[in-house]
Amino acid sequence: MKRLPIPDDVTGDEIDKDVRQELLSLPKGLAEEVSRNLVMVARLIDEDPEGAYAYSRIALRLASRVAAVREAAGFAAYASQKYSEALAEFRAARRMTGNVDLWPVMADCERGMGRPEKALDMAGAPDVQKLDKAGQVEMRLVAAGARRDMGQLDAAIVTLQSPELASHSVQPWTARLRYAYADALLAAGREDEAREWFAKAVESDKDGSTDASDRLAELDGVEFVDALVEDDEDEDGAEPSSVREADPVSGTGDLDADEADDVVDVDDVDATDDDIDEDDLDDEDLDDEDLDDEDERDEASADRLGTQRAGESGEEGDGEDAPRG
């Protein structure tokens with residue numbers, strides 16, 4: 001079996017203690033290898049889902065009879081949008097443990113496979129009542145998504161309306177619930193209400209789990225410029241941002257109204273260059289004879305002035321006709 005490289009700082013001890021307990025059924029060396037692969041799944045699943053999926057497949061081949069491994073493989077497949085495979089792994093994990101916690105994500109896999117009706121059926125199943133509060137909120141989000149998949153926007157909005165949505169307390173699910181509600185309102189054309197709920201989502205989204213702040217700014221007509229990207233472009237030889245081609249719609253790219261007044265227009269820059277007097281250019285392109293004549297005059301002047309040349313006449317020697325660096 002082909003192994004993937006794992007950094008030396010990954011020991012396997014980073015995994016959850018409950019998972020570690022499950023791995024005790026394996027020989028020590030095998031348990032360590034499986035745990036290190038599971039750590040890599042957890043590290044990569046948000047930023048590199050395909051990488052996480054690859055490590056999960058190795059762990060699965062090594063310990064397919066461990067429920068935690070099947071669950072990790074399911075989440076890695078889910079993050080990679082391999083919904084059919086994810087559903088199979090979640091079902092296997094559920095059979096092994098009898099746990100209902102995976103019910104909402106299993107329903108969401110049905111949505112991903114294009115079966116929103118099946119997801120709605122699962123939302124009404126008795127197993128939902130066995131879920132904790134977080135699981136029930138997650139199931140509500142999935143059901144609302146299924147309604148939207150079926151084009152039932154009003155029903156999706158009603159599905160999200162709940163005591164958890166109306167509550168002023170902030171729970172781990174609050175930001176996502178408010179965000180989903182705002183997004184549904186916006187899709188239904190209720191922009192003012194959507195803005196209000198995006199703002200509420202921002203208030204509760206302490207760890208940035210949603211892009212509610214960006215959606216709110218978009219509704220307010222605010223656009224952002226990525227300063228780091230601009231710096232990289234400038235270092236690579238790109239034109240300064242003040243003279244880059246303006247946005248064809250707004251005329252000022254991503255700048256707001258106040259900043260737009262400070263932008264130097266490209267045509268103005270060109271016009272300034274065109275206004276340079278040709279005589280000024282001639283002064284910079286002196287031919288050899290002009291230089292020789294000037295040298296002779298300087299020598300004669302030096303003979304007449306002697307040591308006084310360093311006084312006020314020294315300023316004359318740097319006149320305006322001298323070429324500028």
# chains A, B, ... in the order shown; residues from 1 in each chain; ligands from 1
>>> residues_around(residues="Leu23 in chain A", least_positions_apart="3", cutoff="8 Å", atoms="only C-alpha atoms", output="VMD selection string")
chain A and resid 19 to 20 26 31 35 66
>>> residues_around(residues="Ala199 in chain A", least_positions_apart="5", cutoff="10 Å", atoms="only C-alpha atoms", output="list in words")
Arg178, Tyr179, Ala182, Glu193, Ala194, Ser204, Asp205, Ala212, Ser213, Arg215, Leu216 and Ala217 of chain A
>>> select_by_dssp(residues="range 2-164 of chain A", states="alpha helix (DSSP H)", output="MDAnalysis selection string")
chainID A and resid 17:22 28:44 49:62 67:79 83:97 103:112 116:123 133:149 153:160 163:164
>>> residues_around(residues="range 11-17 of chain A", least_positions_apart="5", cutoff="12 Å", atoms="only C-alpha atoms", output="PyMOL selection string")
chain A and resi 6+22-24+28-43+68-69+72
>>> write_last_selection(atoms="C-alpha atoms", output="short mmCIF file (atom, residue, chain, number, x, y, z; two decimals), in the first residue's frame")
data_model
loop_
_atom_site.label_atom_id
_atom_site.label_comp_id
_atom_site.auth_asym_id
_atom_site.auth_seq_id
_atom_site.Cartn_x
_atom_site.Cartn_y
_atom_site.Cartn_z
CA ILE A 6 3.59 12.87 7.10
CA GLU A 22 -11.15 3.25 19.68
CA LEU A 23 -7.72 2.70 18.17
CA LEU A 24 -6.61 0.68 21.20
CA LYS A 28 0.38 -0.37 18.73
CA GLY A 29 2.36 0.31 15.57
CA LEU A 30 -0.73 0.18 13.37
CA ALA A 31 -2.70 2.39 15.76
CA GLU A 32 0.04 5.01 15.62
CA GLU A 33 0.11 4.99 11.82
CA VAL A 34 -3.67 5.28 11.59
CA SER A 35 -3.77 8.10 14.13
CA ARG A 36 -1.10 10.08 12.26
CA ASN A 37 -3.11 9.80 9.04
CA LEU A 38 -6.23 10.92 10.88
CA VAL A 39 -4.34 13.96 12.17
CA MET A 40 -3.46 14.85 8.57
CA VAL A 41 -7.13 14.53 7.60
CA ALA A 42 -8.07 17.02 10.32
CA ARG A 43 -5.26 19.40 9.31
CA ALA A 68 -13.92 6.75 13.96
CA VAL A 69 -11.95 5.95 10.81
CA ALA A 72 -13.31 10.59 9.24
#
>>> closest_residue(among="A:Glu138, A:Glu71, A:Asp207, A:Asp192", to="Ala180 in chain A", atoms="only C-alpha atoms")
A:Glu138
>>> residues_around(residues="Arg115 in chain A", least_positions_apart="6", cutoff="10 Å", atoms="only C-alpha atoms", output="list in words")
Ala107, Asp108, Cys109, Ala146, Asp149 and Met150 of chain A
>>> atom_distance(atom1="CA of Asp220 in chain A", atom2="CA of Glu196 in chain A")
11.4 Å
>>> closest_residue(among="A:Arg176, A:Lys130, A:Arg65, A:Arg148", to="Leu102 in chain A", atoms="only C-alpha atoms")
A:Lys130
>>> atom_distance(atom1="CA of Gly145 in chain A", atom2="CA of Leu177 in chain A")
11.5 Å
>>> atom_distance(atom1="CA of Ala73 in chain A", atom2="CA of Gln171 in chain A")
27.6 Å
>>> residues_around(residues="range 93-100 of chain A", least_positions_apart="4", cutoff="12 Å", atoms="only C-alpha atoms", output="MDAnalysis selection string")
chainID A and resid 22 60 64:75 86:89 104:107 122 125:132 135:136 139
>>> closest_residue(among="A:Tyr78, A:Glu50, A:Gln152, A:Ser25", to="Ala63 in chain A", atoms="only C-alpha atoms")
A:Ser25
>>> decode(residues="range 118-151 of chain A", atoms="N, CA, C and O atoms", output="short mmCIF file (atom, residue, chain, number, x, y, z; two decimals), in the first residue's frame")
data_model
loop_
_atom_site.label_atom_id
_atom_site.label_comp_id
_atom_site.auth_asym_id
_atom_site.auth_seq_id
_atom_site.Cartn_x
_atom_site.Cartn_y
_atom_site.Cartn_z
N LYS A 118 -35.61 13.16 -0.41
CA LYS A 118 -35.13 12.19 0.57
C LYS A 118 -34.61 12.90 1.81
O LYS A 118 -34.84 12.45 2.95
N ALA A 119 -33.92 14.03 1.61
CA ALA A 119 -33.42 14.81 2.75
C ALA A 119 -34.59 15.30 3.61
O ALA A 119 -34.51 15.29 4.85
N LEU A 120 -35.68 15.73 2.98
CA LEU A 120 -36.85 16.18 3.73
C LEU A 120 -37.50 15.03 4.51
O LEU A 120 -37.96 15.22 5.64
N ASP A 121 -37.51 13.86 3.90
CA ASP A 121 -38.04 12.69 4.61
C ASP A 121 -37.22 12.41 5.87
O ASP A 121 -37.78 12.11 6.93
N MET A 122 -35.92 12.53 5.75
CA MET A 122 -35.04 12.30 6.90
C MET A 122 -35.25 13.36 7.97
O MET A 122 -35.13 13.10 9.16
N ALA A 123 -35.58 14.59 7.54
CA ALA A 123 -35.80 15.68 8.50
C ALA A 123 -37.04 15.42 9.35
O ALA A 123 -37.15 15.96 10.46
N GLY A 124 -37.96 14.61 8.85
CA GLY A 124 -39.17 14.31 9.61
C GLY A 124 -39.12 12.96 10.31
O GLY A 124 -40.13 12.52 10.88
N ALA A 125 -37.97 12.30 10.27
CA ALA A 125 -37.84 10.97 10.88
C ALA A 125 -37.76 11.05 12.40
O ALA A 125 -37.31 12.07 12.96
N PRO A 126 -38.15 10.01 13.10
CA PRO A 126 -38.07 9.99 14.57
C PRO A 126 -36.66 10.20 15.11
O PRO A 126 -36.51 10.70 16.23
N ASP A 127 -35.66 9.80 14.34
CA ASP A 127 -34.28 9.95 14.80
C ASP A 127 -33.92 11.40 15.11
O ASP A 127 -33.03 11.67 15.91
N VAL A 128 -34.60 12.34 14.47
CA VAL A 128 -34.30 13.76 14.67
C VAL A 128 -34.55 14.15 16.14
O VAL A 128 -33.83 14.97 16.71
N GLN A 129 -35.55 13.53 16.74
CA GLN A 129 -35.88 13.86 18.12
C GLN A 129 -34.80 13.38 19.09
O GLN A 129 -34.74 13.85 20.23
N LYS A 130 -33.95 12.48 18.64
CA LYS A 130 -32.87 11.97 19.48
C LYS A 130 -31.62 12.85 19.42
O LYS A 130 -30.69 12.66 20.18
N LEU A 131 -31.62 13.80 18.49
CA LEU A 131 -30.47 14.68 18.33
C LEU A 131 -30.42 15.71 19.46
O LEU A 131 -31.47 16.11 20.01
N ASP A 132 -29.22 16.17 19.78
CA ASP A 132 -29.11 17.27 20.74
C ASP A 132 -29.50 18.57 20.03
O ASP A 132 -29.84 18.57 18.84
N LYS A 133 -29.46 19.68 20.77
CA LYS A 133 -29.92 20.96 20.20
C LYS A 133 -29.12 21.33 18.96
O LYS A 133 -29.69 21.78 17.94
N ALA A 134 -27.80 21.16 19.00
CA ALA A 134 -26.96 21.49 17.84
C ALA A 134 -27.35 20.64 16.63
O ALA A 134 -27.41 21.13 15.49
N GLY A 135 -27.62 19.35 16.87
CA GLY A 135 -28.00 18.47 15.78
C GLY A 135 -29.35 18.83 15.19
O GLY A 135 -29.55 18.75 13.97
N GLN A 136 -30.28 19.25 16.04
CA GLN A 136 -31.60 19.64 15.54
C GLN A 136 -31.52 20.92 14.70
O GLN A 136 -32.22 21.04 13.69
N VAL A 137 -30.68 21.86 15.13
CA VAL A 137 -30.49 23.07 14.33
C VAL A 137 -29.86 22.72 12.99
O VAL A 137 -30.25 23.24 11.93
N GLU A 138 -28.88 21.81 13.01
CA GLU A 138 -28.24 21.38 11.77
C GLU A 138 -29.26 20.72 10.84
O GLU A 138 -29.25 20.95 9.62
N MET A 139 -30.15 19.93 11.41
CA MET A 139 -31.18 19.27 10.60
C MET A 139 -32.12 20.30 9.99
O MET A 139 -32.56 20.17 8.85
N ARG A 140 -32.41 21.36 10.75
CA ARG A 140 -33.27 22.43 10.24
C ARG A 140 -32.59 23.14 9.06
O ARG A 140 -33.26 23.49 8.06
N LEU A 141 -31.30 23.35 9.15
CA LEU A 141 -30.55 23.98 8.06
C LEU A 141 -30.58 23.11 6.80
O LEU A 141 -30.75 23.62 5.69
N VAL A 142 -30.42 21.82 6.99
CA VAL A 142 -30.46 20.90 5.86
C VAL A 142 -31.85 20.89 5.22
O VAL A 142 -31.99 20.94 3.98
N ALA A 143 -32.89 20.86 6.04
CA ALA A 143 -34.26 20.85 5.52
C ALA A 143 -34.55 22.13 4.74
O ALA A 143 -35.19 22.09 3.66
N ALA A 144 -34.10 23.26 5.25
CA ALA A 144 -34.30 24.53 4.54
C ALA A 144 -33.56 24.52 3.21
O ALA A 144 -34.08 25.01 2.19
N GLY A 145 -32.36 23.97 3.22
CA GLY A 145 -31.62 23.86 1.97
C GLY A 145 -32.33 22.98 0.96
O GLY A 145 -32.35 23.27 -0.24
N ALA A 146 -32.92 21.91 1.44
CA ALA A 146 -33.67 21.02 0.55
C ALA A 146 -34.88 21.75 -0.06
O ALA A 146 -35.20 21.59 -1.24
N ARG A 147 -35.55 22.54 0.76
CA ARG A 147 -36.68 23.34 0.24
C ARG A 147 -36.21 24.28 -0.87
O ARG A 147 -36.89 24.44 -1.89
N ARG A 148 -35.06 24.91 -0.65
CA ARG A 148 -34.54 25.81 -1.68
C ARG A 148 -34.15 25.05 -2.94
O ARG A 148 -34.35 25.55 -4.05
N ASP A 149 -33.60 23.85 -2.76
CA ASP A 149 -33.27 23.02 -3.93
C ASP A 149 -34.50 22.76 -4.78
O ASP A 149 -34.42 22.64 -6.01
N MET A 150 -35.65 22.67 -4.13
CA MET A 150 -36.91 22.37 -4.83
C MET A 150 -37.63 23.64 -5.27
O MET A 150 -38.75 23.58 -5.78
N GLY A 151 -36.97 24.81 -5.08
CA GLY A 151 -37.56 26.07 -5.50
C GLY A 151 -38.61 26.60 -4.56
O GLY A 151 -39.39 27.49 -4.92
#
